[in-house]
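Beneath this line is the structure, given in structure tokens, with notes to follow.
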Amino acid sequence: MTLKLDINPIKAWMPNIDNPLLISGPCSLETEEQTMETARLLAKDKRVFVFRGGVWKPRTRPGSFEGVGSIGLKWLQQVREETGFPVGTEVANAQHTEEALKAGLDVLWIGARSTASPFVVQEIADVLKGTDTVVMIKNPVNPDVQLWMGAVERIYQAGIKNIVGIHRGFTPFRETKYRNYPNWKTFIELKRLLPNLPVICDPSHIAGTREYLFEISQKAFDMGMEGLMIESHRDPSCALSDAGQQLTPADLGKMLDKLVIRYENA
Ligand code: PEP
Ligand code: MN
């Protein structure tokens, strides 16, 4: 299937973007204060284009923090009002998608566990029909490029033109340095199958710990990826989810300063 996207959808969505698409914000929105303070700090760095924040969190086991739920959509609206950031969250079922659309969020993303389920992706696609939301699709947890591509096709067939792929690594089957191992060949294969699809990297969920974020981000740009989604938190050590991999907005800025960034589709 050829996605009939005449121009890079990042450009269509953000005509003034000449740099990589940088998305940042907390793994989970926790309180209104934490959300707003993180957003205010991020807004000082003009390289960040979109604010992210998880409100419904797909936790591996019950009993961990599962997100603040719908109230977080209100905080995302406040972030947009105050900082001008387009805002986005993860949706994992039809109800999330309906609520996020009603709240007028600019960007929705489908998480790795959801991409692995065609039923879930189809349910989300059915709700998205007739809207012009930007939809980002993470790779499935298992390294199956067809499943990733199938999710993109389902969303595309629902009439969504602004689609972005996100590589967040795959569940390792033995101990590895990273929490989820990246497979750059899968990225290359996806680009071969869907050349018009912009793909960005999520180094946070690949790394699992802050120390590896730089090397993964640099590799992503060296491979020609078109941006990054990186988790940030005003005080990462106190985060209710993914504390080990989040950066303060100031540290994110320092990391961006060090990256050698090539952007071929500007
Ligand atoms: C997230 O982005 O917060 C998240 C849960 O990611 P993933 O779907 O990649 O695990
Ligand atoms: Mn996370």
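Numbering starts fresh at 1 for the residues of each chain in the structure tokens, the chains themselves are lettered A, B, ... in the order given, and ligands are numbered from 1 as they appear.
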Neighbourhood of ligand 1 at 10 Å, counting only C-alpha atoms and all ligand atoms, reported as a ChimeraX atom specification: /A:25-28,52-60,89-92,109-115,137-141,166-171,180,202-206,229-231,241-242
Residue contacts of segment 99-107 of chain A (9 Å, only C-alpha atoms) excluding same-chain residues fewer than 3 positions away, as a PyMOL selection string: chain A and resi 50+52+70+73-74+76-77+86-91+94-96+128+131+133-136
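The nearest approach to Pro172 of chain A among the residues A:Trp13, A:Asn142, A:Pro20, A:Lys129, with only C-alpha atoms taken into account, belongs to A:Asn142.
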Report as a tab-separated table (two decimals) with N, CA and C atoms, in the first residue's frame: the residues of segment 3-227 of chain A with a DSSP assignment of helix (DSSP H, G or I), based on the backbone of this structure.
chain	number	residue	atom	x	y	z
A	9	PRO	N	4.27	14.78	6.14
A	9	PRO	CA	3.16	15.18	7.00
A	9	PRO	C	3.58	16.04	8.18
A	10	ILE	N	4.84	15.95	8.60
A	10	ILE	CA	5.26	16.84	9.69
A	10	ILE	C	5.16	18.28	9.18
A	11	LYS	N	5.57	18.47	7.95
A	11	LYS	CA	5.52	19.81	7.34
A	11	LYS	C	4.08	20.28	7.17
A	12	ALA	N	3.21	19.33	6.79
A	12	ALA	CA	1.81	19.71	6.58
A	12	ALA	C	1.18	20.14	7.90
A	13	TRP	N	1.60	19.46	8.93
A	13	TRP	CA	1.03	19.70	10.25
A	13	TRP	C	1.65	20.94	10.90
A	32	GLU	N	-1.63	18.87	38.60
A	32	GLU	CA	-1.71	20.06	37.75
A	32	GLU	C	-0.40	20.84	37.85
A	33	GLU	N	0.10	20.94	39.07
A	33	GLU	CA	1.34	21.69	39.31
A	33	GLU	C	2.54	21.09	38.58
A	34	GLN	N	2.69	19.76	38.71
A	34	GLN	CA	3.81	19.08	38.04
A	34	GLN	C	3.71	19.25	36.53
A	35	THR	N	2.47	19.17	36.00
A	35	THR	CA	2.26	19.32	34.56
A	35	THR	C	2.65	20.73	34.12
A	36	MET	N	2.13	21.73	34.81
A	36	MET	CA	2.34	23.11	34.38
A	36	MET	C	3.80	23.52	34.55
A	37	GLU	N	4.40	23.10	35.65
A	37	GLU	CA	5.79	23.51	35.87
A	37	GLU	C	6.72	22.87	34.84
A	38	THR	N	6.48	21.59	34.56
A	38	THR	CA	7.32	20.93	33.53
A	38	THR	C	7.13	21.63	32.18
A	39	ALA	N	5.88	21.96	31.85
A	39	ALA	CA	5.61	22.62	30.57
A	39	ALA	C	6.25	24.00	30.50
A	40	ARG	N	6.18	24.75	31.59
A	40	ARG	CA	6.79	26.10	31.60
A	40	ARG	C	8.30	26.01	31.40
A	41	LEU	N	8.91	25.04	32.05
A	41	LEU	CA	10.37	24.88	31.91
A	41	LEU	C	10.71	24.48	30.47
A	42	LEU	N	9.92	23.56	29.91
A	42	LEU	CA	10.19	23.11	28.53
A	42	LEU	C	10.00	24.25	27.53
A	43	ALA	N	9.04	25.13	27.81
A	43	ALA	CA	8.72	26.20	26.87
A	43	ALA	C	9.87	27.19	26.73
A	71	ILE	N	-9.02	13.85	33.98
A	71	ILE	CA	-8.68	15.17	34.51
A	71	ILE	C	-7.40	15.71	33.86
A	72	GLY	N	-6.51	14.79	33.47
A	72	GLY	CA	-5.26	15.19	32.83
A	72	GLY	C	-5.48	15.89	31.49
A	73	LEU	N	-6.61	15.60	30.83
A	73	LEU	CA	-6.89	16.25	29.54
A	73	LEU	C	-7.06	17.76	29.75
A	74	LYS	N	-7.65	18.11	30.89
A	74	LYS	CA	-7.84	19.53	31.23
A	74	LYS	C	-6.48	20.21	31.44
A	75	TRP	N	-5.57	19.51	32.08
A	75	TRP	CA	-4.24	20.09	32.30
A	75	TRP	C	-3.51	20.27	30.97
A	76	LEU	N	-3.72	19.32	30.06
A	76	LEU	CA	-3.09	19.47	28.74
A	76	LEU	C	-3.65	20.71	28.01
A	77	GLN	N	-4.96	20.92	28.15
A	77	GLN	CA	-5.55	22.13	27.55
A	77	GLN	C	-4.93	23.39	28.16
A	78	GLN	N	-4.71	23.35	29.47
A	78	GLN	CA	-4.09	24.50	30.14
A	78	GLN	C	-2.67	24.74	29.64
A	79	VAL	N	-1.94	23.64	29.41
A	79	VAL	CA	-0.57	23.77	28.88
A	79	VAL	C	-0.62	24.48	27.53
A	80	ARG	N	-1.56	24.05	26.69
A	80	ARG	CA	-1.65	24.67	25.36
A	80	ARG	C	-1.98	26.16	25.46
A	81	GLU	N	-2.95	26.46	26.33
A	81	GLU	CA	-3.34	27.86	26.50
A	81	GLU	C	-2.18	28.73	26.96
A	82	GLU	N	-1.45	28.21	27.95
A	82	GLU	CA	-0.41	29.05	28.55
A	82	GLU	C	0.88	29.11	27.74
A	83	THR	N	1.27	27.97	27.17
A	83	THR	CA	2.59	27.93	26.50
A	83	THR	C	2.50	27.94	24.98
A	94	ALA	N	-11.34	2.95	22.46
A	94	ALA	CA	-12.26	3.90	21.82
A	94	ALA	C	-12.65	5.02	22.79
A	95	GLN	N	-12.85	4.67	24.04
A	95	GLN	CA	-13.27	5.70	25.00
A	95	GLN	C	-12.20	6.78	25.20
A	96	HIS	N	-10.93	6.36	25.34
A	96	HIS	CA	-9.85	7.34	25.45
A	96	HIS	C	-9.86	8.26	24.23
A	97	THR	N	-10.03	7.64	23.06
A	97	THR	CA	-9.94	8.40	21.82
A	97	THR	C	-11.08	9.42	21.75
A	98	GLU	N	-12.28	8.98	22.11
A	98	GLU	CA	-13.42	9.92	22.11
A	98	GLU	C	-13.15	11.09	23.04
A	99	GLU	N	-12.67	10.78	24.24
A	99	GLU	CA	-12.43	11.85	25.22
A	99	GLU	C	-11.32	12.80	24.76
A	100	ALA	N	-10.26	12.23	24.20
A	100	ALA	CA	-9.14	13.06	23.76
A	100	ALA	C	-9.56	13.97	22.59
A	101	LEU	N	-10.41	13.43	21.69
A	101	LEU	CA	-10.89	14.25	20.58
A	101	LEU	C	-11.80	15.36	21.09
A	102	LYS	N	-12.66	15.01	22.04
A	102	LYS	CA	-13.57	16.00	22.62
A	102	LYS	C	-12.79	17.12	23.30
A	112	ALA	N	2.98	1.03	22.34
A	112	ALA	CA	3.56	-0.21	21.80
A	112	ALA	C	2.69	-1.44	22.08
A	113	ARG	N	2.07	-1.47	23.26
A	113	ARG	CA	1.24	-2.63	23.58
A	113	ARG	C	-0.02	-2.64	22.73
A	114	SER	N	-0.53	-1.43	22.43
A	114	SER	CA	-1.75	-1.35	21.62
A	114	SER	C	-1.47	-1.65	20.15
A	115	THR	N	-0.32	-1.20	19.64
A	115	THR	CA	-0.01	-1.46	18.23
A	115	THR	C	0.04	-2.96	17.96
A	118	PRO	N	-4.34	-5.67	16.60
A	118	PRO	CA	-5.12	-5.10	15.49
A	118	PRO	C	-6.54	-4.71	15.89
A	119	PHE	N	-7.14	-5.44	16.83
A	119	PHE	CA	-8.50	-5.08	17.27
A	119	PHE	C	-8.51	-3.70	17.92
A	120	VAL	N	-7.52	-3.47	18.78
A	120	VAL	CA	-7.44	-2.18	19.47
A	120	VAL	C	-7.19	-1.05	18.47
A	121	VAL	N	-6.25	-1.29	17.56
A	121	VAL	CA	-5.93	-0.24	16.57
A	121	VAL	C	-7.17	0.06	15.73
A	122	GLN	N	-7.91	-0.98	15.34
A	122	GLN	CA	-9.09	-0.76	14.51
A	122	GLN	C	-10.17	0.01	15.27
A	123	GLU	N	-10.31	-0.31	16.55
A	123	GLU	CA	-11.30	0.38	17.39
A	123	GLU	C	-10.96	1.88	17.48
A	124	ILE	N	-9.67	2.17	17.62
A	124	ILE	CA	-9.23	3.57	17.68
A	124	ILE	C	-9.45	4.23	16.31
A	125	ALA	N	-9.09	3.51	15.25
A	125	ALA	CA	-9.25	4.05	13.88
A	125	ALA	C	-10.71	4.40	13.61
A	126	ASP	N	-11.63	3.56	14.06
A	126	ASP	CA	-13.05	3.80	13.80
A	126	ASP	C	-13.51	5.11	14.45
A	127	VAL	N	-12.97	5.40	15.63
A	127	VAL	CA	-13.36	6.66	16.31
A	127	VAL	C	-12.71	7.85	15.60
A	128	LEU	N	-11.52	7.64	15.04
A	128	LEU	CA	-10.79	8.75	14.41
A	128	LEU	C	-11.36	9.17	13.06
A	145	VAL	N	7.55	-5.89	11.69
A	145	VAL	CA	7.37	-4.67	10.89
A	145	VAL	C	6.00	-4.65	10.20
A	146	GLN	N	5.48	-5.85	9.87
A	146	GLN	CA	4.18	-5.93	9.22
A	146	GLN	C	3.06	-5.44	10.15
A	147	LEU	N	3.20	-5.79	11.43
A	147	LEU	CA	2.21	-5.39	12.43
A	147	LEU	C	2.24	-3.87	12.61
A	148	TRP	N	3.44	-3.31	12.60
A	148	TRP	CA	3.61	-1.85	12.72
A	148	TRP	C	2.98	-1.18	11.49
A	149	MET	N	3.32	-1.71	10.33
A	149	MET	CA	2.80	-1.17	9.08
A	149	MET	C	1.27	-1.32	9.03
A	150	GLY	N	0.77	-2.45	9.50
A	150	GLY	CA	-0.67	-2.70	9.51
A	150	GLY	C	-1.40	-1.65	10.35
A	151	ALA	N	-0.80	-1.26	11.47
A	151	ALA	CA	-1.42	-0.24	12.32
A	151	ALA	C	-1.46	1.10	11.58
A	152	VAL	N	-0.36	1.42	10.89
A	152	VAL	CA	-0.32	2.66	10.11
A	152	VAL	C	-1.42	2.63	9.04
A	153	GLU	N	-1.56	1.49	8.38
A	153	GLU	CA	-2.58	1.37	7.32
A	153	GLU	C	-3.99	1.53	7.87
A	154	ARG	N	-4.24	0.93	9.03
A	154	ARG	CA	-5.59	1.05	9.62
A	154	ARG	C	-5.93	2.51	9.91
A	155	ILE	N	-4.95	3.25	10.45
A	155	ILE	CA	-5.20	4.66	10.77
A	155	ILE	C	-5.32	5.47	9.48
A	156	TYR	N	-4.49	5.14	8.49
A	156	TYR	CA	-4.55	5.84	7.20
A	156	TYR	C	-5.89	5.60	6.51
A	157	GLN	N	-6.36	4.35	6.61
A	157	GLN	CA	-7.64	4.03	5.96
A	157	GLN	C	-8.82	4.73	6.63
A	184	TRP	N	17.46	-0.94	14.21
A	184	TRP	CA	17.48	0.08	13.16
A	184	TRP	C	17.11	-0.53	11.82
A	185	LYS	N	17.29	-1.83	11.69
A	185	LYS	CA	16.91	-2.49	10.42
A	185	LYS	C	15.40	-2.46	10.25
A	186	THR	N	14.69	-2.56	11.36
A	186	THR	CA	13.21	-2.51	11.28
A	186	THR	C	12.79	-1.12	10.81
A	187	PHE	N	13.49	-0.10	11.30
A	187	PHE	CA	13.19	1.27	10.88
A	187	PHE	C	13.44	1.42	9.37
A	188	ILE	N	14.58	0.88	8.93
A	188	ILE	CA	14.91	0.98	7.50
A	188	ILE	C	13.87	0.24	6.66
A	189	GLU	N	13.44	-0.91	7.15
A	189	GLU	CA	12.44	-1.70	6.42
A	189	GLU	C	11.10	-0.96	6.38
A	190	LEU	N	10.72	-0.33	7.49
A	190	LEU	CA	9.46	0.43	7.51
A	190	LEU	C	9.54	1.59	6.51
A	191	LYS	N	10.69	2.26	6.46
A	191	LYS	CA	10.86	3.38	5.52
A	191	LYS	C	10.83	2.89	4.07
A	192	ARG	N	11.31	1.67	3.85
A	192	ARG	CA	11.27	1.11	2.49
A	192	ARG	C	9.81	0.83	2.09
A	193	LEU	N	9.05	0.30	3.05
A	193	LEU	CA	7.66	-0.04	2.78
A	193	LEU	C	6.79	1.22	2.69
A	203	PRO	N	13.88	7.61	22.57
A	203	PRO	CA	15.04	7.04	23.27
A	203	PRO	C	14.73	6.70	24.72
A	204	SER	N	13.73	7.36	25.31
A	204	SER	CA	13.42	7.13	26.74
A	204	SER	C	13.03	5.69	26.99
A	205	HIS	N	12.10	5.17	26.17
A	205	HIS	CA	11.63	3.80	26.41
A	205	HIS	C	12.59	2.75	25.85
A	206	ILE	N	13.48	3.16	24.96
A	206	ILE	CA	14.56	2.25	24.54
A	206	ILE	C	15.57	2.15	25.68
A	207	ALA	N	15.99	3.30	26.20
A	207	ALA	CA	17.08	3.33	27.18
A	207	ALA	C	16.69	2.72	28.52
A	210	ARG	N	18.65	7.15	32.16
A	210	ARG	CA	19.09	8.43	31.56
A	210	ARG	C	20.43	8.33	30.84
A	211	GLU	N	21.36	7.52	31.39
A	211	GLU	CA	22.73	7.55	30.84
A	211	GLU	C	22.82	7.16	29.37
A	212	TYR	N	21.82	6.43	28.86
A	212	TYR	CA	21.92	5.98	27.46
A	212	TYR	C	21.14	6.87	26.48
A	213	LEU	N	20.50	7.90	26.99
A	213	LEU	CA	19.63	8.69	26.11
A	213	LEU	C	20.41	9.37	24.98
A	214	PHE	N	21.60	9.89	25.32
A	214	PHE	CA	22.36	10.62	24.31
A	214	PHE	C	22.77	9.70	23.15
A	215	GLU	N	23.36	8.56	23.50
A	215	GLU	CA	23.88	7.69	22.42
A	215	GLU	C	22.75	7.18	21.52
A	216	ILE	N	21.59	6.92	22.12
A	216	ILE	CA	20.46	6.43	21.30
A	216	ILE	C	19.92	7.57	20.42
A	217	SER	N	19.83	8.75	20.98
A	217	SER	CA	19.32	9.90	20.21
A	217	SER	C	20.25	10.21	19.04
A	218	GLN	N	21.56	10.17	19.31
A	218	GLN	CA	22.51	10.47	18.23
A	218	GLN	C	22.41	9.42	17.12
A	219	LYS	N	22.30	8.17	17.53
A	219	LYS	CA	22.17	7.09	16.54
A	219	LYS	C	20.91	7.29	15.70
A	220	ALA	N	19.83	7.69	16.36
A	220	ALA	CA	18.57	7.91	15.64
A	220	ALA	C	18.75	8.97	14.56
A	221	PHE	N	19.41	10.06	14.89
A	221	PHE	CA	19.63	11.11	13.88
A	221	PHE	C	20.59	10.62	12.80
A	222	ASP	N	21.62	9.87	13.21
A	222	ASP	CA	22.56	9.34	12.21
A	222	ASP	C	21.86	8.42	11.23
From a backbone DSSP assignment, name each residue in segment 106-259 of chain A labelled strand (DSSP E), as a VMD selection string. chain A and resid 107 to 110 134 to 138 163 to 167 199 to 201 227 to 231
Please produce a file of the residues just selected, as a PDB file, in the first residue's frame, where the atoms kept are N, CA and C atoms.
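This went into selection02.pdb:
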ATOM      1  N   VAL A 107      -2.474  15.993  19.212  1.00  0.00           N
ATOM      2  CA  VAL A 107      -1.748  14.776  18.825  1.00  0.00           C
ATOM      3  C   VAL A 107      -2.199  13.615  19.704  1.00  0.00           C
ATOM      4  N   LEU A 108      -2.442  12.468  19.096  1.00  0.00           N
ATOM      5  CA  LEU A 108      -2.717  11.261  19.884  1.00  0.00           C
ATOM      6  C   LEU A 108      -1.662  10.238  19.477  1.00  0.00           C
ATOM      7  N   TRP A 109      -1.282   9.389  20.430  1.00  0.00           N
ATOM      8  CA  TRP A 109      -0.401   8.301  19.983  1.00  0.00           C
ATOM      9  C   TRP A 109      -0.901   6.956  20.478  1.00  0.00           C
ATOM     10  N   ILE A 110      -0.541   5.967  19.691  1.00  0.00           N
ATOM     11  CA  ILE A 110      -0.898   4.586  20.008  1.00  0.00           C
ATOM     12  C   ILE A 110       0.361   3.940  20.574  1.00  0.00           C
ATOM     13  N   VAL A 134      -3.496  14.534  14.437  1.00  0.00           N
ATOM     14  CA  VAL A 134      -2.192  13.926  14.137  1.00  0.00           C
ATOM     15  C   VAL A 134      -2.100  12.641  14.965  1.00  0.00           C
ATOM     16  N   VAL A 135      -1.720  11.555  14.324  1.00  0.00           N
ATOM     17  CA  VAL A 135      -1.653  10.281  15.048  1.00  0.00           C
ATOM     18  C   VAL A 135      -0.233   9.708  14.925  1.00  0.00           C
ATOM     19  N   MET A 136       0.346   9.412  16.072  1.00  0.00           N
ATOM     20  CA  MET A 136       1.682   8.803  16.081  1.00  0.00           C
ATOM     21  C   MET A 136       1.520   7.343  16.501  1.00  0.00           C
ATOM     22  N   ILE A 137       2.268   6.489  15.837  1.00  0.00           N
ATOM     23  CA  ILE A 137       2.099   5.050  16.078  1.00  0.00           C
ATOM     24  C   ILE A 137       3.441   4.436  16.470  1.00  0.00           C
ATOM     25  N   LYS A 138       3.508   3.991  17.714  1.00  0.00           N
ATOM     26  CA  LYS A 138       4.747   3.349  18.169  1.00  0.00           C
ATOM     27  C   LYS A 138       4.863   1.957  17.565  1.00  0.00           C
ATOM     28  N   ILE A 163       0.369  11.184   9.921  1.00  0.00           N
ATOM     29  CA  ILE A 163       0.767  10.019  10.712  1.00  0.00           C
ATOM     30  C   ILE A 163       2.293  10.034  10.881  1.00  0.00           C
ATOM     31  N   VAL A 164       2.722   9.728  12.068  1.00  0.00           N
ATOM     32  CA  VAL A 164       4.159   9.675  12.366  1.00  0.00           C
ATOM     33  C   VAL A 164       4.444   8.339  13.056  1.00  0.00           C
ATOM     34  N   GLY A 165       5.477   7.639  12.641  1.00  0.00           N
ATOM     35  CA  GLY A 165       5.880   6.408  13.328  1.00  0.00           C
ATOM     36  C   GLY A 165       6.853   6.750  14.461  1.00  0.00           C
ATOM     37  N   ILE A 166       6.828   5.950  15.513  1.00  0.00           N
ATOM     38  CA  ILE A 166       7.793   6.142  16.610  1.00  0.00           C
ATOM     39  C   ILE A 166       8.473   4.816  16.911  1.00  0.00           C
ATOM     40  N   HIS A 167       9.820   4.830  16.842  1.00  0.00           N
ATOM     41  CA  HIS A 167      10.554   3.619  17.224  1.00  0.00           C
ATOM     42  C   HIS A 167      10.897   3.712  18.708  1.00  0.00           C
ATOM     43  N   VAL A 199       9.397   9.066  10.635  1.00  0.00           N
ATOM     44  CA  VAL A 199       9.577   8.208  11.813  1.00  0.00           C
ATOM     45  C   VAL A 199      10.516   8.922  12.778  1.00  0.00           C
ATOM     46  N   ILE A 200      10.088   8.994  14.033  1.00  0.00           N
ATOM     47  CA  ILE A 200      10.928   9.597  15.064  1.00  0.00           C
ATOM     48  C   ILE A 200      11.320   8.510  16.071  1.00  0.00           C
ATOM     49  N   CYS A 201      12.220   8.847  16.974  1.00  0.00           N
ATOM     50  CA  CYS A 201      12.705   7.859  17.939  1.00  0.00           C
ATOM     51  C   CYS A 201      12.264   8.249  19.352  1.00  0.00           C
ATOM     52  N   GLY A 227      13.054  13.006  14.257  1.00  0.00           N
ATOM     53  CA  GLY A 227      12.765  13.683  15.518  1.00  0.00           C
ATOM     54  C   GLY A 227      12.872  12.749  16.694  1.00  0.00           C
ATOM     55  N   LEU A 228      12.515  13.268  17.853  1.00  0.00           N
ATOM     56  CA  LEU A 228      12.601  12.502  19.097  1.00  0.00           C
ATOM     57  C   LEU A 228      11.385  12.777  19.965  1.00  0.00           C
ATOM     58  N   MET A 229      10.938  11.751  20.666  1.00  0.00           N
ATOM     59  CA  MET A 229      10.002  11.967  21.768  1.00  0.00           C
ATOM     60  C   MET A 229      10.745  11.541  23.032  1.00  0.00           C
ATOM     61  N   ILE A 230      11.015  12.502  23.908  1.00  0.00           N
ATOM     62  CA  ILE A 230      11.814  12.229  25.118  1.00  0.00           C
ATOM     63  C   ILE A 230      11.028  12.632  26.354  1.00  0.00           C
ATOM     64  N   GLU A 231      11.019  11.751  27.343  1.00  0.00           N
ATOM     65  CA  GLU A 231      10.282  12.069  28.573  1.00  0.00           C
ATOM     66  C   GLU A 231      11.063  13.054  29.447  1.00  0.00           C
TER      67      GLU A 231
END
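For the pair atom CA of Asp45 of chain A and atom CA of Leu256 of chain A, the interatomic distance is 10.0 Å.
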Residues near Ala243 of chain A, cut-off 9 Å, only C-alpha atoms, skip fewer than 5 positions along chain, as a PDB file with C-alpha atoms, in the first residue's frame:
ATOM      1  CA  CYS A  27       5.800   9.965  31.236  1.00  0.00           C
ATOM      2  CA  THR A 209      17.947   4.849  32.146  1.00  0.00           C
ATOM      3  CA  HIS A 233       9.846  15.833  34.434  1.00  0.00           C
ATOM      4  CA  ASP A 235      11.873  16.336  39.294  1.00  0.00           C
ATOM      5  CA  PRO A 236      12.521  12.938  37.656  1.00  0.00           C
ATOM      6  CA  SER A 237      13.602  11.165  40.839  1.00  0.00           C
ATOM      7  CA  CYS A 238      10.095  11.694  42.266  1.00  0.00           C
TER       8      CYS A 238
END
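The spacing separating atom CA of Pro182 of chain A from atom CA of Met223 of chain A amounts to 11.9 Å.
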Using only C-alpha atoms and all ligand atoms, which of A:Gly130, A:Pro195, A:Pro249, A:Gly67 sits nearest ligand 2? A:Gly67
With distances taken over only C-alpha atoms and all ligand atoms, which residue among A:Ile160, A:Leu252, A:Ile261, A:Leu29 lies nearest ligand 2? A:Leu29
